[in-house]
Structures are given as structure tokens and as C-alpha cells.
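Trainee: Here it is, the structure, as C-alpha cells.
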Amino acid sequence: MSTTPLIDRPFVLPITGSRPTTEPATVSRSHLDALEAEAIFLFREVVAEFERPVLLYSVGKDSSVLLRLAKKAFAPGRLPFPLLHVDTGFKHPEMLAFRDRIARSEGVELIVHRNEEAIASGVNPWESGCGACCAQLKTKALLDALTEGRFDAAFGGARRDEEKSRAKERVLSFRDRHGRWEPRNQRPELWSVFNTRIHPGESVRAFPLSNWTEADVWEYVDREDIPVAPLYFAARRPVVELDGRLLPATGAPPDHELPVLERRTRFRSLGCGPCTGVVESGASSLAELRAELQASRSSERAGRLIDHENDDAMERKKRDGYF
Amino acid sequence: MATSNPTPTEHRELLRLCTAGSVDDGKSTLIGRLLHDTDGVPDDQRGELGGPGSEPDWARLTDGLKAEREQGITIDVAYRHLGTSRRRFLIADAPGHEQYTRNMVTGASDADLALVLVDARHGLKPQGRRHLLLSALLQVPTILVAINKMDLVDHDPRVFARIRDEVAAFAARLGLEAPACVPLAARSGENVVHRSPRLAWHDGPTLLEHLESAPVGRRPTGAPWRFPVQGVQRDEAGGRQVMGSSRSGCVHVGDEVLALPSGRRSRVRAIETVNGATPQARPDEPLRLRLADELDLGRGELLVHPEEAPALTRDLEAHLVWFDQEPLKRGHPYLLKTPQLVERVESVELLDGVAVETASIVGIDGLAQNDIGRVRLRTHGPVFLDSYFENRRFGSFLLVDPVTHATAAAGLVSLSPEADAERSDDLQERFESFLHGLQADGLLASDAATTDWPERFLALGRELVTRRA
Ligand SMILES: Nc1nc2c(ncn2[C@@H]2O[C@H](COP(=O)(O)OP(=O)(O)O)[C@@H](O)[C@H]2O)c(=O)[nH]1
């Protein structure tokens with residue numbers, strides 16, 4: 001700091017008048033209520049400060065919680081923005097069925113976007129690898145959908161504890177005209193006062209679940225009785241074993257000779273068949289699922305192969321504009 | 001004592017804590033140890049601890065971004081989650097190097113507790129004093145000093161006592177009560193989660209016991225009700241519902257309400273939370289208020305109790321913590337963003353600076369990244385804020401660069417001289433003295449008859465609201 005010698009005296013807290021004693025909060029508030037309040041405040045703030053918001057709905061548990069929070073934020077009114085699902089063409093058929101059922105029952109506008117060009121040209125994870133396949137079927141598809149819809153704020157279900165490179169992600173993540181994330185463009189966040197000013201073509205990703213953990217999400221699903229995709233629960237499913245992982249049979253390479261096994265399995269997190277492993281499990285109810293989660297402590301994203309390709313796949317994916 | 005495999009009971013409070021310390025004090029080791037000893041570390045990240053047999057590199061658990069790992073520095077605030085059967089913790093882990101002040105301030109802004117790390121071998125270094133000062137400046141309700149690496153001073157109680165006294169003396173100098181201190185050794189996990197025989201002379205709580213008992217969501221006593229309107233919604237019957245969360249204070253059905261800047265009054269007829277109706281609501285609950293009179297309210301209005309209206313002022317005195325790489329530019333038309341509205345800044349007068357390393361007030365002739373300066377700001381239109389030191393939840397703002405849109409600085413309102421002079425109860429008298437101010441600045445025709453001033457002010461208020469919409 002460029003100082004001038006004029007003044008030099010000890011710094012004392014500028015407490016004027018009587019020292020403001022503090023009192024404990026009147027009623028203690030559960031962590032779920034605190035997290036819910038923070039998320040709903042953000043939904044309302046982003047809808048007020050941006051022109052065209054959209055909710056990225058990936059059919060997973062985080063998206064299901066996100067949708068419920070959005071409904072609560074604007075009830076009894078209608079949701080003031082549509083849902084957008086990026087379909088890679090490799091999604092489990094049960095996921096698509098659940099997606100359509102929810103869109104109807106919740107009475108929300110659902111936009112489904114696919115990178116038809118890449119799908120038609122046969123892009124797939126077995127030959128091009130998960131990273132390159134995601135770049136086409138997820139990242140490019142998402143960026144095209146956001147441009148087409150002229151959306152300037154996209155709500156997503158990403159959480160800071162999902163994966164180490166997300167521990168520093170902001171609640172409002174700024175993206176340049178090409179949807180890319182740059183560390184120096186991210187803004188400090190204090191006191192839930194958000195600087196939302198953007199240049200034309202720029203946009204933000206808003207993450208209302210930033211401070212939630214996987215256990216918080218399931219506890220909230222339980223408390224609010226939120227419908228989630230049945231794939232989360234154990235059932236006898238055809239699977240194959242590949243590189244020490246169990247994959248749903250629908251996710252196996254087309255010309256594989258691997259033996260198809262029958263195992264009681266469930267998905268820890270929902271991705272594309274080929275890139276998302278399943279875990280052997282007996283949890284067929286929410287209570288059993290939460291207990292199993294409590295016992296096993298492998299982080300949910302470990303099941304997704306993309307995170308394993310190398311440590312910084314997630315960060316590279318984020319820089320390119322996917323989530 | 002926390003069980004090592006917590007089964008989450010339904011009702012656990014969320015404690016937000018911030019940590020910072022100078023490089024090598026052991027902050028990452030401490031957080032890594034806390035995560036591990038309370039089973040917060042997922043199995044597939046345990047491999048990170050450096051294979052079996054080797055000394056676990058706890059710090060590896062907490063360094064995230066690739067760029068940072070390569071340069072070995074952590075640039076930004078990282079958020080960690082931690083849970084025990086009694087409490088859920090959100091840790092804002094600020095790095096301990098020269099990007100220090102702005103990250104530390106960010107971490108402390110919403111924290112219930114600040115954890116200051118001190119290396120027992122070196123005692124309270126400038127970094128530790130800086131961290132205490134910033135936690136105090138940001139009014140973090142509980143400050144806890146962790147005196148780490150006690151194993152390197154033979155767990156000697158005299159060393160702990162000497163440092164504790166150093167901390168108490170420095171706190172007194174700041175005008176702060178002496179923070180609690182806890183002796184521990186993060187690497188061996190002594191007194192972090194589990195007690196250690198070699199530190200048995202310390203009968204105080206372990207670090208985790210401190211974290212599990214520290215008060216959450218402490219409110220300034222008698223904080224006034226501040227409700228910035230986030231939006232307005234029509235229900236099926238066409239009635240208007242005002243959406244928002246109280247920043248501070250409680251609201252009850254039947255309360256009289258004053259809206260600023262419009263000056264209109266009404267009464268609360270009903271309060272809806274997102275989980276049903278309630279006769280009263282406390283701060284930070286998302287609400288929908290139904291008022292007796294269908295007021296034409298919009299975003300940018302502030303609802304208060306009439307007898308607790310904040311000062312109506314265009315002159316603010318505040319501490320600015322400079323964030324942007326671009327230093328303060330004289331005459332630049334910065335924007336001031338409060339929880340309620342955005343207002344143009346007309347002038348920034350530098351008063352003095354806070355030299356955080358020496359905890360002294362110095363003369364300054366500029367503000368650059370990580371500097372803290374006390375300034376007088378003059379805004380174009382009226383701004384409604386309390387002093388940050390009387391109401392931490394409604395006494396702060398952001399300074400935004402209107403050209404680059406960067407967040408230039410964070411502001412803590414110390415007091416507004418005009419506000420003190422105006423602290424008379426009669427809103428009409430203050431209303432007129434404020435208008436005289438506008439007249440003196442040529443913003444208002446001097447010949448305006450006094451009777452139509454409320455309407456004239458209403459027009460000014462509406463123009464303020466529309467310009468921002
Ligand atoms: N002997 C001893 N060493 C420690 C202790 N805590 C941390 N260290 C060591 O101090 C060094 C710096 O620790 P680190 O956590 O990276 O410090 P940070 O820069 O504050 O995050 C590492 O070599 C740690 O192993 C402790 O309690 N005792």
C-alpha cells in the first residue's frame with residue numbers, strides 16, 4: 001500500500017457507541033433449512049437479475065432436488081424458466097422415461113437438446129474415449145443449446161464436495177462468450193450480495209447446491225419426499241465387468257464378447273451408460289440407500305470413468321465450458 | 001467426544017468457519033487431519049495421502065486446482081465439508097500468502113467462527129496478527145486460536161501460556177475480547193479430534209469440541225428488521241406477494257411496515273415461508289409477505305419497521321477492502337451495490353489506511369489489491385445501510401467497476417456523519433433536510449414548493465427504481 005507518513009497510530013476496531021453484544025439465534029436451525037434457504041435465495045436473486053435463466057436438468061438426484069427447490073422458490077406461481085436436458089444418446093432408457101414423466105407431472109417446460117451431427121457421425125466413448133466423447137455430446141451440445149436459447153444464466157446441480165477441482169467453484173460462475181471458464185474472471189462472493197453485471201454474450205452458471213454434500217442431498221430427498229430415478233435403487237440388472245468396474249450391459253461396447261452377468265446393482269450417480277459404473281448393492285429403499293451411503297465412503301464421482309482418466313479431466317472439462 | 005463414524009441425527013446445525021494462517025503453519029495439515037479423523041475423507045481420495053508407510057501428506061487432500069498444485073500455492077478460497085453426529089461444518093479455507101487479505105475477508109464475511117493458526121515455535125507472527133485483525137474487522141462472532149506443532153516444543157505448557165498471553169495483549173489493543181486458544185499438533189492429530197496424554201495439562205476442549213459448541217448464527221442484540229424486496233409475485237387471486245429474506249431482525253404478522261425509498265406505509269397481513277404460513281419469521285428465511293395495502297412495491301425497495309428506519313444518506317464512511325487488480329481510479333464512476341439496490345458513486349475521498357501487518361492506521365494516497373482504506377463515499381441517490389459494526393448483516397456493499405464489471409472492492413460501513421446528525425425521530429424533518437441537500441447540489445429546483453416534496457421525492461424514487469430495472 002502506498003502510504004504517506006502523515007498518520008501512524010494503532011488500529012482500533014471502529015465500534016461506535018455501546019459495544020454491540022450479540023445474542024444467540026432465537027431458534028436453532030437445522031443444516032438442511034440453512035442450505036435450503038441459501039439455495040432458494042439464489043434462485044430468486046438470479047431470476048431477478050438475469051434476462052433468460054434456464055435450469056440444466058440431468059435427471060439425476062441433484063437435478064431432482066434442484067427442481068424441487070426451484071418450485072418452492074416460486075410457488076404458488078409457475079416456474080419462471082424452462083428445463084434443459086442435454087441428451088448424449090447414451091443415456092439409460094429408464095432415465096429418459098423418468099425425465100418425461102417428471103416434466104409432465106411437474107408441469108414444466110422441458111427442452112431436450114442433442115448434438116445430432118456428432119451422434120449421426122457415430123461419436124462414441126469406446127473409440128474416442130470418454131473425454132473426447134463428452135466434449136462433443138455434452139460440452140458442445142450444452143453450449144449450442146445455451147446459445148440457441150439465448151440463455152444468460154444456467155442453474156446447475158454441481159456441488160463443491162463432488163470433486164476436488166470444484167472445491168473453489170463460486171456460487172455464480174462466470175463464462176466468456178464461448179462459455180469458457182477462466183479463473184481470473186471469477187468474482188469474490190461476500191454477504192450473498194452478487195455482482196451480476198455481464199457483457200453481451202457472457203453468461204453465468206448458478207449453483208444453488210454448492211454447499212450441499214451427497215448425504216445432504218439424500219437427506220433432503222427423504223425429508224421432502226422427492227421422486228428420484230429408480231436406477232438409484234438396487235435391482236437385478238445385466239452388467240459386464242470392464243477394467244475392474246461393473247458397467248450396465250447397455251453401456252458395454254457393441255461388439256464386446258464380455259460375459260453378461262446378472263447382479264443386484266444400483267447407480268451411485270447417473271451418467272451415460274458406457275462411462276458410469278454401477279455398484280453392487282442391496283439398497284432398494286431410500287433408508288437403506290442412506291445407510292449404505294453412510295457406511296461406504298467412496299465419493300460418488302469415482303463411479304464415473306471420466307474423472308479417472310486423469311486428475312484434471314474435470315478442470316479441463318470446466319475450462320472448455322461444460323459445467 | 002465425536003464418534004468416528006457419525007450417524008447423522010436429523011437436527012444438526014450448520015457452522016460456517018473460516019481458516020487462514022501463514023504458509024507452513026500447518027493449516028492444510030490441520031484440515032486434512034480434521035477431515036480424516038471425523039471420517040470426512042472419501043475412500044477414493046485416501047489414496048491421495050501418499051501410499052501406505054509413508055508419512056501421510058495431509059495437505060495433498062486440500063489442494064485442488066491443477067495450476068495451483070503445480071505452483072504449490074492455493075490461490076483461492078476452497079470450501080470443505082465436514083460432519084459429525086452433532087454438527088455440519090462448512091470450512092472456507094483461505095490461502096495464507098500475499099493474496100491473503102481479499103481471500104481472508106471473503107472467507108470471514110459469512111463465518112460464525114474464525115480459526116487462527118499459530119506455529120508454537122514462532123508464536124504470534126505478523127501473519128497471525130493480520131488474521132486476528134481481519135477476523136475482528138469482519139466481526140466474526142467467535143475467534144479461536146489453534147496453537148499448532150506443540151510436538152516441536154515438547155508439548156510445553158509454558159510455551160502455550162506465553163503465546164496465549166501474546167494473543168490476549170494484541171486482542172486488547174484492537175479492542176477485542178481475548179480469543180480462546182487451544183494447543184494441538186495437527187500432524188499427529190493431538191487435541192484435534194482426539195485428546196492426547198502429552199497435552200493433558202490443557203483441560204480446555206479439543207479443537208473439535210470447540211467447533212461443536214461454538215454458537216451458530218449469532219445476531220447483534222436487537223438488530224433492526226431489514227427486508228430488501230427481491231421480487232413481487234401475483235397469486236391466483238391476483239393479490240400481490242412481496243418476496244425476499246430478512247437480512248436482520250424478525251418480522252411478525254401485524255407489524256407496521258415502511259418502504260424505502262418510496263416512503264409508503266402498510267401492515268403485514270400474512271407471512272409465508274417455503275414450508276407454510278407462520279406468525280413470525282427470523283433472518284435468512286425465504287419469505288412471501290402479504291401486506292394490508294396493495295402497495296406498488298418492486299425490487300430495490302427496503303421494508304423496515306417505521307421506528308427503526310436506517311439513515312437516509314448520500315454520504316457514507318466505510319472501510320474498503322480492495323479486490324481488483326486495477327487500483328482505485330479517481331473520478332471513475334464506480335457503482336455501489338448493497339443488498340437492496342445499486343447506486344452511482346460520485347466521489348471517493350481517501351481518509352486513511354489500515355496497515356494490516358503492523359495493525360496501525362496510516363496515511364494513504366491510493367488503494368491497490370489487498371489494501372484496506374477508510375474512505376468517504378458520496379453517492380448520487382440515497383443509500384440505506386446500517387453501520388457494519390452495529391448490524392453486520394446490513395452494513396456492507398460491493399464496489400463494482402461499471403466498465404469492466406469487475407468487483408473492485410468490498411465495503412464495510414463504519415458510520416455516516418450525516419446519519420448521526422439526522423438521527424432525529426421525525427421522518428418528515430429528515431426527509432426535508434435530505435431534500436435541501438439535493439437542492440443544494442442543484443438536483444432539485446430550489447424554488448420547489450415544500451408541500452409537494454413527498455410526491456417529488458416519489459418520482460425521484462421511481463426513476464431510481466426504473467433506471468435499475
Ligand atoms: N511436527 C509437526 N509438523 C507439522 C504439524 N502440522 C503441520 N506440520 C508440517 O508443517 C508443514 C506445513 O504444513 P501445511 O499443512 O502444508 O501448512 P500450510 O501451508 O499452512 O497449509 C508440513 O511439512 C507439515 O507436515 C504438527 O503439528 N507438527
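Residues are referred to by chain and number: the chain letter is A, B, ... according to the order shown in the C-alpha cells, the number counts from 1 in that chain, and ligands are numbered separately from 1 in the order shown.
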At a cut-off of 6 Å around ligand 1, and using only C-alpha atoms and all ligand atoms, what residues come up? Please write them as a VMD selection string.
Mentor: chain B and resid 21 to 29 59 148 to 149 151 to 152 185 to 187
Trainee: Contacts from chain B to chain A, 7 Å maximum, only C-alpha atoms: show me the residue list as an NGL selection string.
Mentor: :B and (11-14 or 42-44 or 64-66 or 76-81 or 88 or 106 or 109-110 or 137 or 173-175 or 215 or 217-221 or 230-231 or 235 or 274 or 284-286 or 338-339 or 354 or 359-368 or 371 or 389-390 or 405 or 407 or 414)
Trainee: Find the distance between CA of Ile147 in chain B and CA of Arg87 in chain B and write it in Å to one decimal.
Mentor: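 Computed distance, CA of Ile147 in chain B to CA of Arg87 in chain B, equals 23.2 Å.
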Trainee: Taking 4 positions as the minimum chain separation for residues in the same chain, which residues sit within 9 Å of range 329-333 of chain B when counting only C-alpha atoms? Answer as a list in words.
Mentor: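 Here the qualifying residues turn out to be Arg344, Val345, Glu346, Ser347, Val348, Glu349, Gly366, Leu367, Asp401, Pro402 and Val403 of chain B.
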Trainee: In Å, with one decimal, what is the gap from CA of Cys130 in chain A to CA of Ala252 in chain A?
Mentor: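 Value for the CA of Cys130 in chain A-CA of Ala252 in chain A distance: 13.0 Å.
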Trainee: Neighbours of Phe155 in chain A within 10 Å (only C-alpha atoms; same-chain residues fewer than 2 positions away dropped), as JSON, numbers by chain?
Mentor: {"A": [42, 43, 46, 53, 54, 55, 56, 57, 63, 66, 67, 70, 83, 84, 153, 157, 158, 172, 204, 205, 206, 207, 208, 209, 323]}
Trainee: Generate a file of the selected residues that holds N, CA and C atoms, formatted as a short mmCIF file (atom, residue, chain, number, x, y, z; two decimals), in the first residue's frame.
Mentor:
```
data_model
loop_
_atom_site.label_atom_id
_atom_site.label_comp_id
_atom_site.auth_asym_id
_atom_site.auth_seq_id
_atom_site.Cartn_x
_atom_site.Cartn_y
_atom_site.Cartn_z
N LEU A 42 -30.84 -17.79 -3.78
CA LEU A 42 -30.08 -17.65 -5.03
C LEU A 42 -31.01 -17.77 -6.25
N PHE A 43 -31.95 -18.72 -6.22
CA PHE A 43 -32.90 -18.85 -7.33
C PHE A 43 -33.61 -17.51 -7.58
N VAL A 46 -31.14 -14.70 -8.94
CA VAL A 46 -30.70 -14.87 -10.34
C VAL A 46 -31.87 -14.58 -11.29
N PRO A 53 -33.03 -17.04 -17.68
CA PRO A 53 -32.47 -18.19 -16.97
C PRO A 53 -33.00 -19.52 -17.50
N VAL A 54 -32.26 -20.59 -17.23
CA VAL A 54 -32.71 -21.95 -17.59
C VAL A 54 -32.18 -22.91 -16.53
N LEU A 55 -32.86 -24.02 -16.32
CA LEU A 55 -32.38 -25.00 -15.33
C LEU A 55 -31.86 -26.23 -16.06
N LEU A 56 -30.57 -26.54 -15.88
CA LEU A 56 -29.97 -27.71 -16.55
C LEU A 56 -30.41 -28.95 -15.78
N TYR A 57 -31.27 -29.73 -16.42
CA TYR A 57 -31.86 -30.89 -15.75
C TYR A 57 -31.22 -32.16 -16.29
N SER A 63 -30.36 -32.88 -9.76
CA SER A 63 -31.35 -32.13 -10.55
C SER A 63 -32.74 -32.25 -9.94
N LEU A 66 -32.78 -29.86 -7.18
CA LEU A 66 -32.76 -28.50 -7.75
C LEU A 66 -34.17 -28.11 -8.20
N LEU A 67 -34.86 -29.05 -8.86
CA LEU A 67 -36.20 -28.75 -9.38
C LEU A 67 -37.16 -28.47 -8.21
N ALA A 70 -36.47 -25.06 -6.82
CA ALA A 70 -36.95 -24.00 -7.73
C ALA A 70 -38.47 -23.86 -7.58
N LEU A 83 -36.72 -26.10 -18.32
CA LEU A 83 -35.67 -27.07 -18.01
C LEU A 83 -34.98 -27.43 -19.32
N LEU A 84 -33.66 -27.69 -19.25
CA LEU A 84 -32.92 -28.11 -20.45
C LEU A 84 -32.20 -29.41 -20.14
N ALA A 153 -28.27 -17.25 -17.93
CA ALA A 153 -27.98 -17.81 -16.60
C ALA A 153 -28.48 -19.24 -16.58
N GLY A 157 -26.72 -28.36 -10.91
CA GLY A 157 -26.71 -29.06 -9.62
C GLY A 157 -25.32 -29.38 -9.11
N ALA A 158 -24.28 -28.73 -9.67
CA ALA A 158 -22.91 -29.07 -9.25
C ALA A 158 -22.71 -28.70 -7.79
N LEU A 172 -21.81 -18.28 -8.21
CA LEU A 172 -22.08 -17.76 -9.57
C LEU A 172 -20.77 -17.85 -10.36
N VAL A 204 -23.67 -16.75 -16.91
CA VAL A 204 -23.24 -17.32 -15.63
C VAL A 204 -23.83 -18.71 -15.47
N ARG A 205 -23.14 -19.52 -14.72
CA ARG A 205 -23.72 -20.78 -14.23
C ARG A 205 -23.97 -20.55 -12.74
N ALA A 206 -25.17 -20.86 -12.30
CA ALA A 206 -25.52 -20.65 -10.89
C ALA A 206 -25.66 -22.00 -10.22
N PHE A 207 -25.02 -22.15 -9.07
CA PHE A 207 -25.00 -23.47 -8.40
C PHE A 207 -25.63 -23.38 -7.02
N PRO A 208 -26.96 -23.50 -6.93
CA PRO A 208 -27.62 -23.40 -5.63
C PRO A 208 -27.21 -24.52 -4.65
N LEU A 209 -26.67 -25.64 -5.14
CA LEU A 209 -26.30 -26.75 -4.25
C LEU A 209 -24.81 -26.72 -3.90
N PHE A 323 -20.23 -27.40 -17.56
CA PHE A 323 -20.37 -27.22 -16.12
C PHE A 323 -19.21 -26.54 -15.44
#
```
Trainee: Report as a list of chain:residue names all protein, DNA and RNA residues lying within 12 Å of Phe170 in chain B, evaluated on only C-alpha atoms, omitting residues in the same chain fewer than 4 positions from it.
Mentor: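 Surrounding residues, per the criterion: A:Pro10, A:Phe11, A:Val12, B:Leu124, B:Lys125, B:Pro126, B:Gly128, B:Arg129, B:Arg130, B:His131, B:Leu132, B:Leu133, B:Ala136, B:Ile163, B:Arg164, B:Asp165, B:Glu166, B:Leu174, B:Gly175, B:Leu176, B:Glu177, B:Ala178, B:Pro179, B:Thr358, B:Ala359, B:Ser360.
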Trainee: To one decimal in Å, tell me the separation between CA of Gly222 in chain B and CA of Leu303 in chain B.
Mentor: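 Those two atoms sit 16.8 Å apart.
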